[in-house]
Amino acid sequence: MKILYIILALAGLLLILWLTLGKGTLSNLFMNKRSFDDLVQAFEFEERVQEQKPEEVISLLGDIEDKTIMDIGAGTGYFAFRMSAKGAHVIAVDVDDRFLNYIQEKKDSLNDSLIVTRKVEYDNPSPEDEEVHHAIIVNTYHHINNRETYFAKVHKGIKSGGSLLVLDFKKDSGGKGPPRRYRVATDEVVKELKAAGFSKVIINDTLLDKSYVVIAKK
């Protein structure tokens with residue numbers, strides 16, 4: 001009976017966290033149960049290039065040479081360094097100093113002058129008005145709470161004619177990534193981004209097996 005009370009108490013605590021903090025915060029807590037070294041390995045695993053086809057995904061933005069791109073939740077810079085290699089000026093933003101330090105050390109070792117790092121808060125990506133041509137958010141959309149408000153701020157930071165690229169896990173794809181309960185379906189993404197002010201939202205769910213790509217135009 002005592003064990004049952006403990007289980008019910010824990011379930012109640014999780015429900016309170018879900019309602020007060022949101023799914024995004026719970027997803028962050030789930031991710032950060034692992035060590036930083038494990039997180040780096042999870043982002044830089046060899047098969048990721050086949051699973052998420054970064055070169056093909058980036059090409060959806062068109063010619064990015066000399067364009068400024070904000071990489072929201074940049075992590076280890078997996079996409080950021082590939083974009084800078086194509087001549088893009090990349091603002092790599094993250095909430096976690098460990099990832100920002102990782103990117104800084106890597107860019108110093110590569111003598112990469114096209115990437116700058118920026119620490120942001122969970123509820124604000126902190127772009128200046130029309131600061132960037134494009135923004136991307138990879139494997140991070142499901143971590144965001146109050147997404148309509150958050151991406152309205154992203155919208156303000158994108159120049160007219162620019163776009164936001166969202167890459168995240170398909171709801172029922174299984175495999176690596178967050179549990180199904182934390183994943184966000186494409187119809188929900190479309191609804192939220194249109195509410196945030198984006199005028200045209202295009203879904204590409206055929207390029208990748210386990211992830212979808214959404215392009216939202218300003």
# chains A, B, ... in the order shown; residues from 1 in each chain; ligands from 1

$ residues_around --residues "A:Ser84" --least-positions-apart "5" --cutoff "10 Å" --atoms "only C-alpha atoms" --output "PyMOL selection string"
chain A and resi 64-69+79+89-91+112-115

$ write_last_selection --atoms "N, CA and C atoms" --output "mmCIF file, in the first residue's frame"
data_model
loop_
_atom_site.group_PDB
_atom_site.id
_atom_site.type_symbol
_atom_site.label_atom_id
_atom_site.label_comp_id
_atom_site.auth_asym_id
_atom_site.auth_seq_id
_atom_site.Cartn_x
_atom_site.Cartn_y
_atom_site.Cartn_z
ATOM 1 N N ILE A 64 22.754 29.958 -49.527
ATOM 2 C CA ILE A 64 22.888 30.643 -48.238
ATOM 3 C C ILE A 64 24.207 31.382 -48.099
ATOM 4 N N GLU A 65 25.007 31.416 -49.145
ATOM 5 C CA GLU A 65 26.273 32.147 -49.054
ATOM 6 C C GLU A 65 26.000 33.617 -48.740
ATOM 7 N N ASP A 66 26.736 34.126 -47.735
ATOM 8 C CA ASP A 66 26.609 35.511 -47.258
ATOM 9 C C ASP A 66 25.264 35.813 -46.601
ATOM 10 N N LYS A 67 24.430 34.807 -46.410
ATOM 11 C CA LYS A 67 23.188 34.992 -45.670
ATOM 12 C C LYS A 67 23.447 34.809 -44.178
ATOM 13 N N THR A 68 22.645 35.447 -43.344
ATOM 14 C CA THR A 68 22.743 35.290 -41.892
ATOM 15 C C THR A 68 21.641 34.346 -41.433
ATOM 16 N N ILE A 69 22.029 33.311 -40.697
ATOM 17 C CA ILE A 69 21.082 32.282 -40.267
ATOM 18 C C ILE A 69 21.200 32.071 -38.767
ATOM 19 N N PHE A 79 24.562 21.346 -37.452
ATOM 20 C CA PHE A 79 24.117 22.035 -38.657
ATOM 21 C C PHE A 79 24.854 23.359 -38.844
ATOM 22 N N HIS A 89 26.700 33.165 -42.563
ATOM 23 C CA HIS A 89 27.034 33.714 -41.250
ATOM 24 C C HIS A 89 26.016 33.140 -40.260
ATOM 25 N N VAL A 90 26.483 32.393 -39.301
ATOM 26 C CA VAL A 90 25.587 31.634 -38.424
ATOM 27 C C VAL A 90 25.633 32.178 -37.006
ATOM 28 N N ILE A 91 24.454 32.467 -36.470
ATOM 29 C CA ILE A 91 24.323 32.799 -35.046
ATOM 30 C C ILE A 91 23.840 31.535 -34.352
ATOM 31 N N ASP A 112 37.148 29.159 -37.750
ATOM 32 C CA ASP A 112 35.888 29.482 -38.417
ATOM 33 C C ASP A 112 35.388 30.825 -37.895
ATOM 34 N N SER A 113 35.435 31.837 -38.753
ATOM 35 C CA SER A 113 35.039 33.181 -38.338
ATOM 36 C C SER A 113 33.583 33.497 -38.660
ATOM 37 N N LEU A 114 32.870 32.541 -39.260
ATOM 38 C CA LEU A 114 31.498 32.805 -39.706
ATOM 39 C C LEU A 114 30.444 32.421 -38.668
ATOM 40 N N ILE A 115 30.859 31.769 -37.596
ATOM 41 C CA ILE A 115 29.926 31.380 -36.540
ATOM 42 C C ILE A 115 30.159 32.242 -35.311
#

$ residues_around --residues "stretch 147-153 of chain A" --least-positions-apart "2" --cutoff "8 Å" --atoms "only C-alpha atoms" --output "MDAnalysis selection string"
chainID A and resid 123:127 144:145 155:157 192:193 195:197

$ closest_residue --among "A:Val138, A:Val184, A:Met70, A:Leu164" --to "A:Lys200" --atoms "only C-alpha atoms"
A:Leu164

$ residues_around --residues "A:Lys53" --least-positions-apart "3" --cutoff "12 Å" --atoms "only C-alpha atoms" --output "ChimeraX atom specification"
/A:46-50,56-60,78-79,82,167,207-213

$ write_last_selection --atoms "C-alpha atoms" --output "mmCIF file, in the first residue's frame"
data_model
loop_
_atom_site.group_PDB
_atom_site.id
_atom_site.type_symbol
_atom_site.label_atom_id
_atom_site.label_comp_id
_atom_site.auth_asym_id
_atom_site.auth_seq_id
_atom_site.Cartn_x
_atom_site.Cartn_y
_atom_site.Cartn_z
ATOM 1 C CA GLU A 46 28.058 8.664 -37.295
ATOM 2 C CA GLU A 47 24.722 7.490 -38.718
ATOM 3 C CA ARG A 48 23.100 10.895 -38.276
ATOM 4 C CA VAL A 49 24.314 12.011 -41.686
ATOM 5 C CA GLN A 50 22.187 9.262 -43.262
ATOM 6 C CA GLU A 56 19.915 18.061 -48.367
ATOM 7 C CA VAL A 57 18.013 19.742 -45.539
ATOM 8 C CA ILE A 58 20.186 22.863 -45.708
ATOM 9 C CA SER A 59 19.727 22.997 -49.481
ATOM 10 C CA LEU A 60 15.999 23.597 -48.892
ATOM 11 C CA TYR A 78 26.033 19.899 -36.150
ATOM 12 C CA PHE A 79 24.117 22.035 -38.657
ATOM 13 C CA ARG A 82 27.789 22.756 -42.240
ATOM 14 C CA LEU A 167 13.284 19.678 -38.391
ATOM 15 C CA LEU A 207 12.806 13.527 -47.366
ATOM 16 C CA LEU A 208 13.603 11.782 -44.064
ATOM 17 C CA ASP A 209 12.302 8.518 -42.645
ATOM 18 C CA LYS A 210 12.194 9.455 -38.959
ATOM 19 C CA SER A 211 11.924 13.243 -39.078
ATOM 20 C CA TYR A 212 9.851 15.849 -40.866
ATOM 21 C CA VAL A 213 10.934 19.208 -42.255
#

$ atom_distance --atom1 "atom CA of A:Ile72" --atom2 "atom CA of A:Asn146"
15.5 Å
